[in-house]
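The structure file coords-v3.txt is reproduced below (compact mmCIF, C-alpha atoms).
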```txt
# COMPACT_ATOMS: atom_id res chain seq x y z
CA MET G 1 -28.02 95.14 -35.42
CA GLY G 2 -28.98 95.34 -31.73
CA GLU G 3 -29.32 92.55 -29.21
CA ALA G 4 -32.57 90.64 -29.10
CA PRO G 5 -34.67 91.36 -26.01
CA ARG G 6 -34.06 88.87 -23.18
CA LEU G 7 -36.80 86.85 -21.52
CA ALA G 8 -37.39 86.97 -17.80
CA ASP G 9 -37.57 83.62 -16.00
CA ALA G 10 -41.36 83.94 -15.72
CA ASP G 11 -41.61 84.46 -19.50
CA VAL G 12 -39.41 81.41 -20.09
CA GLU G 13 -41.65 79.33 -17.81
CA GLN G 14 -44.74 80.50 -19.74
CA ARG G 15 -43.16 79.56 -23.06
CA LEU G 16 -42.05 76.17 -21.75
CA ALA G 17 -45.57 75.46 -20.52
CA ARG G 18 -46.96 76.44 -23.92
CA LEU G 19 -44.43 74.20 -25.69
CA ASP G 20 -45.49 71.30 -23.46
CA GLU G 21 -49.13 71.91 -24.41
CA LEU G 22 -48.29 72.05 -28.12
CA LEU G 23 -46.18 68.89 -27.98
CA GLU G 24 -48.99 67.05 -26.18
CA ARG G 25 -51.38 68.11 -28.94
CA VAL G 26 -48.98 66.93 -31.67
CA GLU G 27 -48.41 63.63 -29.84
CA GLY G 28 -52.18 63.13 -29.71
CA VAL G 29 -52.53 63.38 -33.49
CA ALA G 30 -51.90 60.30 -35.61
CA GLY G 31 -50.36 60.45 -39.04
CA PRO G 32 -47.24 61.26 -40.99
CA THR G 33 -47.40 65.02 -40.37
CA ALA G 34 -47.45 64.57 -36.59
CA ASP G 35 -44.67 61.97 -36.83
CA ALA G 36 -42.56 64.38 -38.89
CA ALA G 37 -43.18 67.22 -36.42
CA LEU G 38 -42.11 65.06 -33.47
CA GLU G 39 -39.04 63.85 -35.36
CA ALA G 40 -38.13 67.48 -36.11
CA VAL G 41 -38.43 68.38 -32.42
CA ARG G 42 -36.27 65.38 -31.42
CA GLY G 43 -33.68 66.37 -34.05
CA LEU G 44 -33.55 69.98 -32.89
CA THR G 45 -33.28 68.85 -29.27
CA GLU G 46 -30.37 66.55 -30.15
CA ILE G 47 -28.52 69.29 -32.08
CA TYR G 48 -29.09 71.91 -29.36
CA GLY G 49 -27.93 69.39 -26.77
CA GLU G 50 -24.72 68.86 -28.70
CA ALA G 51 -24.21 72.63 -28.97
CA LEU G 52 -24.76 72.97 -25.22
CA ALA G 53 -22.25 70.17 -24.55
CA ARG G 54 -19.67 72.00 -26.67
CA ILE G 55 -20.30 75.25 -24.79
CA ARG G 56 -19.89 73.44 -21.49
CA ASP G 57 -16.65 71.82 -22.70
CA LEU G 58 -15.24 75.18 -23.83
CA ALA G 59 -16.18 76.97 -20.62
CA GLY G 60 -13.68 77.18 -17.82
CA PRO G 61 -14.65 76.09 -14.30
CA GLU G 62 -15.89 79.55 -13.29
CA LEU G 63 -18.14 79.97 -16.34
CA ALA G 64 -19.33 76.36 -16.10
CA ALA G 65 -20.41 77.01 -12.50
CA ARG G 66 -22.26 80.17 -13.55
CA LEU G 67 -24.00 78.25 -16.35
CA THR G 68 -25.23 75.58 -13.95
CA GLU G 69 -26.56 78.24 -11.55
CA ASP G 70 -28.72 79.84 -14.25
CA GLN G 71 -32.24 78.42 -13.93
CA LEU G 72 -32.86 77.87 -17.65
CA VAL G 73 -29.35 76.77 -18.63
CA GLY G 74 -29.12 74.50 -15.59
CA HIS G 75 -32.43 72.89 -16.56
CA LEU G 76 -31.20 72.35 -20.12
CA LEU G 77 -27.98 70.80 -18.82
CA VAL G 78 -30.08 68.36 -16.79
CA LEU G 79 -32.39 67.66 -19.73
CA HIS G 80 -29.41 66.74 -21.91
CA GLU G 81 -27.68 64.83 -19.08
CA LEU G 82 -24.80 67.33 -19.09
CA HIS G 83 -25.17 68.81 -15.60
CA PRO G 84 -21.99 68.26 -13.59
CA ASP G 85 -23.78 67.88 -10.25
CA PRO G 86 -25.41 64.57 -9.30
CA VAL G 87 -29.14 64.50 -8.60
CA GLU G 88 -28.56 64.30 -4.84
CA ARG G 89 -26.58 67.55 -4.79
CA ARG G 90 -29.07 69.39 -7.00
CA VAL G 91 -32.00 68.29 -4.83
CA ALA G 92 -30.16 69.19 -1.61
CA THR G 93 -29.38 72.65 -3.00
CA ALA G 94 -33.01 73.19 -4.04
CA VAL G 95 -34.26 72.07 -0.61
CA ASP G 96 -31.72 74.30 1.18
CA ARG G 97 -32.84 77.32 -0.87
CA MET G 98 -36.51 76.61 -0.17
CA ALA G 99 -35.79 75.98 3.53
CA GLU G 100 -34.20 79.41 3.83
CA VAL G 101 -37.31 81.07 2.39
CA LEU G 102 -39.67 78.94 4.48
CA ARG G 103 -37.80 79.67 7.72
CA GLU G 104 -38.80 83.32 7.30
CA ARG G 105 -42.42 82.16 7.20
CA GLY G 106 -42.15 79.95 10.28
CA ALA G 107 -41.88 76.64 8.41
CA ALA G 108 -39.08 74.09 8.31
CA LEU G 109 -37.96 71.89 5.43
CA GLU G 110 -35.34 69.18 5.24
CA LEU G 111 -34.33 66.54 2.73
CA VAL G 112 -34.82 63.08 4.18
CA GLY G 113 -33.35 61.26 1.19
CA ILE G 114 -33.78 60.06 -2.36
CA ASP G 115 -35.05 56.57 -3.01
CA GLY G 116 -34.98 55.71 -6.69
CA PRO G 117 -37.02 58.29 -8.60
CA VAL G 118 -38.60 59.90 -5.50
CA ALA G 119 -37.19 62.52 -3.13
CA SER G 120 -38.51 62.50 0.43
CA VAL G 121 -38.77 65.72 2.41
CA ARG G 122 -39.93 66.64 5.88
CA LEU G 123 -42.01 69.81 5.91
CA THR G 124 -43.21 71.35 9.15
CA THR G 125 -45.62 74.27 8.88
CA LYS G 126 -47.58 76.38 11.30
CA GLY G 127 -51.11 77.53 10.73
CA CYS G 128 -53.90 76.19 8.58
CA GLY G 129 -53.52 73.20 6.27
CA GLY G 130 -54.55 75.20 3.20
CA SER G 131 -51.32 77.14 3.20
CA ALA G 132 -49.37 73.93 3.84
CA SER G 133 -50.62 72.40 0.61
CA GLY G 134 -49.45 75.49 -1.31
CA ILE G 135 -46.04 75.27 0.34
CA GLU G 136 -45.88 71.55 -0.39
CA GLU G 137 -46.61 72.21 -4.07
CA ALA G 138 -43.92 74.92 -4.23
CA VAL G 139 -41.40 72.52 -2.68
CA ARG G 140 -42.39 69.81 -5.19
CA GLU G 141 -41.96 72.21 -8.11
CA ALA G 142 -38.57 73.44 -6.87
CA VAL G 143 -37.23 69.92 -6.38
CA LEU G 144 -38.51 68.65 -9.73
CA ALA G 145 -37.14 71.74 -11.50
CA ALA G 146 -33.70 70.96 -10.04
CA ALA G 147 -33.99 67.25 -10.82
CA PRO G 148 -36.56 66.59 -13.56
CA GLU G 149 -35.36 63.00 -13.82
CA LEU G 150 -37.20 62.35 -10.55
CA SER G 151 -40.81 61.24 -10.81
CA GLY G 152 -42.01 62.72 -7.55
CA VAL G 153 -41.50 64.31 -4.17
CA ARG G 154 -42.96 62.64 -1.10
CA ARG G 155 -43.66 64.41 2.17
CA VAL G 156 -42.81 62.27 5.18
CA ALA G 157 -44.46 62.69 8.54
CA ASP G 158 -42.73 64.59 11.29
CA GLU G 159 -40.97 62.32 13.72
CA PRO G 160 -42.78 62.43 17.05
CA ALA G 161 -40.84 64.06 19.83
CA PRO G 162 -39.58 61.50 22.31
CA ALA G 163 -41.73 61.52 25.41
CA PHE G 164 -39.82 61.51 28.67
CA VAL G 165 -41.79 60.36 31.65
CA PRO G 166 -39.96 60.41 34.99
CA LEU G 167 -39.98 56.97 36.62
CA GLU G 168 -41.26 58.32 39.94
CA THR G 169 -44.47 59.49 38.27
CA LEU G 170 -45.20 55.88 37.25
CA LEU G 171 -44.59 54.35 40.70
CA PRO G 172 -47.22 54.49 43.42
CA ALA G 173 -46.53 56.98 46.16
CA THR G 174 -45.41 55.29 49.36
CA ALA G 175 -45.84 56.61 52.87
CA PRO G 176 -42.62 57.17 54.79
CA ALA G 177 -41.73 54.27 57.08
CA ALA G 178 -42.32 54.69 60.82
CA GLY G 179 -39.37 56.31 62.51
CA ALA G 180 -37.96 57.63 59.24
CA PRO G 181 -36.85 61.28 59.33
```

What does the file become when written as structure tokens?
Amino acid sequence: MGEAPRLADADVEQRLARLDELLERVEGVAGPTADAALEAVRGLTEIYGEALARIRDLAGPELAARLTEDQLVGHLLVLHELHPDPVERRVATAVDRMAEVLRERGAALELVGIDGPVASVRLTTKGCGGSASGIEEAVREAVLAAAPELSGVRRVADEPAPAFVPLETLLPATAPAAGAP
């Protein structure tokens, strides 16, 4: 028996989106069949979470690190509250990765902080605002993928550059005194 074909990350994302749609439909239906379906999903999630916890416990530090770096496995570790990294570290890593990509496009990104369920970022872009909204959405998606327990990502305004005005430009010009060199 050969190995089952593996899914690319894009295929996994498509399937996850479809599962979300299906679960929303089931949640919108009243009755014992819908209740049983949701209970079955919760039960499977609990059992798979336990299996994932056992895998994590059996893995040595090197394998555990590789598991957390995998996009899908890392997300499942977060979902089951098994990820070894705190939310702050995961968000900082996601922002650093996005900042590296954005630098190549002439934009800058930095994590300002996390306040409760919301991460705050400073995003500086060049060019038209239309592209900025697309970048902002990509940043939001990357941060929430790394830390789905957050409820949002807020863009904070750029801090204005300090304005230095030489004092002599504020004072009225005076004529040199008589007899002065």

Can you tell me, as a short mmCIF file (atom, residue, chain, number, x, y, z; two decimals) with C-alpha atoms, in the frame of the given file, what residues are no more than 9 Å from Ala108 of chain G when counting all atoms listed in the file, ignoring any on the same chain fewer than 5 positions away?
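Listing of result.cif after writing:
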```
data_model
loop_
_atom_site.label_atom_id
_atom_site.label_comp_id
_atom_site.auth_asym_id
_atom_site.auth_seq_id
_atom_site.Cartn_x
_atom_site.Cartn_y
_atom_site.Cartn_z
CA ALA G 99 -35.79 75.98 3.53
CA GLU G 100 -34.20 79.41 3.83
CA LEU G 102 -39.67 78.94 4.48
CA ARG G 103 -37.80 79.67 7.72
CA ARG G 122 -39.93 66.64 5.88
CA LEU G 123 -42.01 69.81 5.91
CA THR G 124 -43.21 71.35 9.15
CA THR G 125 -45.62 74.27 8.88
#
```

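We find atom CA of Gly152 of chain G and atom CA of Ile47 of chain G to be spaced 28.8 Å apart.
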
**Request:** Would you kindly return, as a list of chain:residue names, each protein, DNA or RNA residue with an atom no farther than 10 Å from any atom of segment 52-54 of chain G, considering all atoms listed in the file and excluding same-chain residues fewer than 5 positions away?
**Result:**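 My reading of the contact set: G:Glu46, G:Ile47, G:Ala59, G:Val73, G:Leu76, G:Leu77, G:His80, G:Glu81, G:Leu82, G:His83.
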
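With only C-alpha atoms as the basis for measurement, G:Ala92 is the residue among G:Ala40, G:Ala92, G:Ala65, G:Ala4 that approaches Val139 of chain G most closely.
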
**Request:** List the neighbours of segment 33-39 of chain G out to 8 Å using all atoms listed in the file; skip same-chain residues closer than 5 positions along the sequence, and give me the result as a list of chain:residue names.
**Result:**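 My list of contacting residues is G:Leu23, G:Val26, G:Glu27.
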
**Request:** For segment 142-148 of chain G, list every protein, DNA or RNA residue within 7 Å, evaluated using all atoms listed in the file, and leave out those in the same chain fewer than 3 positions away; present the list as a ChimeraX atom specification.
**Result:** /G:75,87,90-91,94-95,138-139

Residues of the last selection are to be written out with C-alpha atoms, as a PDB file, in the frame of the given file.
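Result file selection.pdb:
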```pdb
ATOM      1  CA  HIS G  75     -32.430  72.890 -16.560  1.00  0.00           C
ATOM      2  CA  VAL G  87     -29.140  64.500  -8.600  1.00  0.00           C
ATOM      3  CA  ARG G  90     -29.070  69.390  -7.000  1.00  0.00           C
ATOM      4  CA  VAL G  91     -32.000  68.290  -4.830  1.00  0.00           C
ATOM      5  CA  ALA G  94     -33.010  73.190  -4.040  1.00  0.00           C
ATOM      6  CA  VAL G  95     -34.260  72.070  -0.610  1.00  0.00           C
ATOM      7  CA  ALA G 138     -43.920  74.920  -4.230  1.00  0.00           C
ATOM      8  CA  VAL G 139     -41.400  72.520  -2.680  1.00  0.00           C
TER       9      VAL G 139
END
```

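The spacing separating atom CA of Val153 of chain G from atom CA of Pro86 of chain G amounts to 16.9 Å.
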
Surrounding residues of Asp9 of chain G excluding itself and chain neighbours under 6 positions, 12 Å, all atoms listed in the file, as an mmCIF file with C-alpha atoms, in the coordinates of the input:
```cif
data_model
loop_
_atom_site.group_PDB
_atom_site.id
_atom_site.type_symbol
_atom_site.label_atom_id
_atom_site.label_comp_id
_atom_site.auth_asym_id
_atom_site.auth_seq_id
_atom_site.Cartn_x
_atom_site.Cartn_y
_atom_site.Cartn_z
ATOM 1 C CA ARG G 15 -43.160 79.560 -23.060
ATOM 2 C CA LEU G 16 -42.050 76.170 -21.750
ATOM 3 C CA ASP G 70 -28.720 79.840 -14.250
ATOM 4 C CA GLN G 71 -32.240 78.420 -13.930
ATOM 5 C CA LEU G 72 -32.860 77.870 -17.650
ATOM 6 C CA VAL G 73 -29.350 76.770 -18.630
ATOM 7 C CA HIS G 75 -32.430 72.890 -16.560
#
```

**Asked** If you measure from atom CA of Arg154 of chain G to atom CA of Val112 of chain G, what distance in Å do you get, rounded to one decimal?
**Response** 9.7 Å
